[in-house]
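Report on one structure; see the data block that follows.
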Amino acid sequence: MDLQALLQAFIPSWTSVIMLLAFFTYLAIAGSILPGRIIPGVTLSDGTRLHYPCNGLLLLLLLVSVLGVGGWMGLVSPTAIADRGLELLSTTLIFSLFVTLLLYIAGCRSRDQSSSLKPHITGNLIHDWWFGIQLNPQFMGIDLKFYFVRAGMMGWLLINLSVLAKCVQEANLSRSMILYQLFCFIYILDYFFYEEFMTSTWDIIAERLGFMLVFGDLVWIPFTFSIQGWWLLNNEVELTTAAIIANCLVFLIGYLVFRGANKQKHVFKKNPKALIWGRPPKVIGGKLLASGYWGIARHSNYLGDLLVALSFSLPCGISSPVPYFYPIYLFILLIWRERRDEARCAQKYKEIWAEYKKVVPWRILPYVY
Ligand code: NDP
């Protein structure tokens, strides 16, 4: 593709606008009416709690089924997303800019003093737009932060499935593509199965909703996490059986650590006496879990996530750094995030955190970091 054709591929068409709006409308309507467990979020500084309808898995399965049937009946093209990848990317970027401009204006005009909606304005336009002004802005009763991250994760799966359909259409389905698709499918399905765990994550409890988060959810997650799939569409990789087994092991270990650690913390927050690996938990200062994965490193969940990310790229072999974009990005992000979280926890828990650091000296990888 020459440069002019490449640039043209980025120009949004009405079709991509309609596809995006249809997706967002579906998420808003189905998310509001489909049944699901209502999960109370963490208690905010003013004592209030938001409640999150965790029906994402049902939403996703329904959407994929409807699109699947539509594709089978010839009503929608299964390769529509893969065919319009670049213009969908620019359309989503424009949408993110537009939404965050509205969030900025609404935030500046808000007089609400609740923890969720209190405006945090520094006066630096770029800073306030980038990091956001309000913690939990809502639109028509929908919590936008929860909504956008859900859209991003579902968008990632839809892109992958469309890339898969393109591969099948071109009779180009490789073992690498099957591995990549399978790992991502399990990871995304798991995300929605345990969607309630999101309600206690850093993004939801601590970050305000600005361009950083909206762009991250809507553009970054779906379009960059799927790079391996796009890459495999155009590149061939021969994997040995040993490489496939090793790749599966990296995924499995990463997944068990990632899910296990996040689950242990979640369960601990709900019930601090719940058994961890069959034993009563070791607790520091009545608040911090220091057993299970949280007794091995202070963020072993990040280690698990990094191994999973690596397993998404290994099917692409080592001939190019491009498919390794996601694990490299995640490595940088999680190292940075761990530092920020550490500072937040040190401030919040004070001497209890210092004690926890003595008991569990490793940040992410035991004996290394
Ligand atoms: P965590 O889920 O690790 O949450 C950190 C918070 O947990 C702390 O602020 C503190 O909050 C609490 N906490 C920390 N240590 C303890 C302890 N020992 N006992 C009890 N509570 C503790 O962080 P994230 O939200 O950053 O990550 C969640 C998951 O999302 C991770 O698996 C991460 O890998 C993944 N992730 C993935 C990304 C991606 O792009 N793929 C991006 C970011 C995250 P409190 O004040 O409530 O106690």
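In the structure tokens, each chain is lettered A, B, ... as it comes, each chain's residues begin at 1, and ligands are numbered from 1 in order of appearance.
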For ligand 1, list the contacting residues at 6 Å or closer, counting only C-alpha atoms and all ligand atoms, as a ChimeraX atom specification. /A:201-203,258,265,288-290,294,299,301-302,305,330,341,345
Rank nothing, just name the residue among A:Leu256, A:Ile221, A:Ala165, A:Met177 nearest to Gly71 (chain A), using only C-alpha atoms. A:Ala165
Got a sec to tell me which of region 104-202 of chain A DSSP assigns to strand (DSSP E), as a list in words?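 Strand (DSSP E) assignments inside region 104-202 of chain A correspond to Gln138, Phe139, Ile142 and Asp143 of chain A.
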Best match for closeness to Leu60 (chain A) among A:Gly155, A:Pro361, A:Gly285, A:Gly210, counting only C-alpha atoms: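 Closest residue, counting only C-alpha atoms: A:Gly155.
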Find the nearest atom pair between each residue of region 215-283 of chain A and region 34-56 of chain A for residues within 12 Å, count only C-alpha atoms, give distances in Å to one decimal, sort rows by chain and ascending number, and present the table as a Markdown table.
```
| residue | atom | partner | partner_atom | distance |
| --- | --- | --- | --- | --- |
| A:His266 | CA | A:Val42 | CA | 11.0 |
| A:Lys269 | CA | A:Val42 | CA | 9.6 |
| A:Lys270 | CA | A:Val42 | CA | 10.3 |
```
For the residues selected in the previous step, produce a file with all heavy atoms as a JSON list (two decimals), in the first residue's frame.
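The result, written out as part.json:
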```
[["chain", "number", "residue", "atom", "x", "y", "z"],
["A", 266, "HIS", "N", -9.65, -9.63, 45.78],
["A", 266, "HIS", "CA", -11.08, -9.32, 45.74],
["A", 266, "HIS", "C", -11.80, -10.05, 46.88],
["A", 266, "HIS", "O", -12.60, -9.45, 47.61],
["A", 266, "HIS", "CB", -11.65, -9.73, 44.39],
["A", 266, "HIS", "CG", -13.03, -9.23, 44.16],
["A", 266, "HIS", "ND1", -13.30, -7.93, 43.81],
["A", 266, "HIS", "CD2", -14.23, -9.85, 44.25],
["A", 266, "HIS", "CE1", -14.60, -7.77, 43.69],
["A", 266, "HIS", "NE2", -15.19, -8.92, 43.94],
["A", 269, "LYS", "N", -10.97, -8.53, 50.26],
["A", 269, "LYS", "CA", -11.64, -7.25, 50.54],
["A", 269, "LYS", "C", -13.08, -7.49, 51.00],
["A", 269, "LYS", "O", -13.61, -6.74, 51.81],
["A", 269, "LYS", "CB", -11.66, -6.37, 49.29],
["A", 269, "LYS", "CG", -10.30, -5.91, 48.82],
["A", 269, "LYS", "CD", -9.85, -4.65, 49.54],
["A", 269, "LYS", "CE", -8.51, -4.19, 49.00],
["A", 269, "LYS", "NZ", -7.80, -3.26, 49.86],
["A", 270, "LYS", "N", -13.69, -8.54, 50.46],
["A", 270, "LYS", "CA", -15.07, -8.84, 50.83],
["A", 270, "LYS", "C", -15.12, -9.53, 52.19],
["A", 270, "LYS", "O", -16.02, -9.31, 52.99],
["A", 270, "LYS", "CB", -15.72, -9.78, 49.80],
["A", 270, "LYS", "CG", -15.81, -9.19, 48.41],
["A", 270, "LYS", "CD", -17.24, -8.99, 48.00],
["A", 270, "LYS", "CE", -17.28, -7.83, 47.02],
["A", 270, "LYS", "NZ", -18.39, -7.58, 46.31]]
```
Excluding Trp156 (chain A) and any residue of its chain fewer than 6 positions from it, enumerate the residues within 9 Å of it, using only C-alpha atoms, and give them as number ranges by chain. A: 184, 188, 221-226
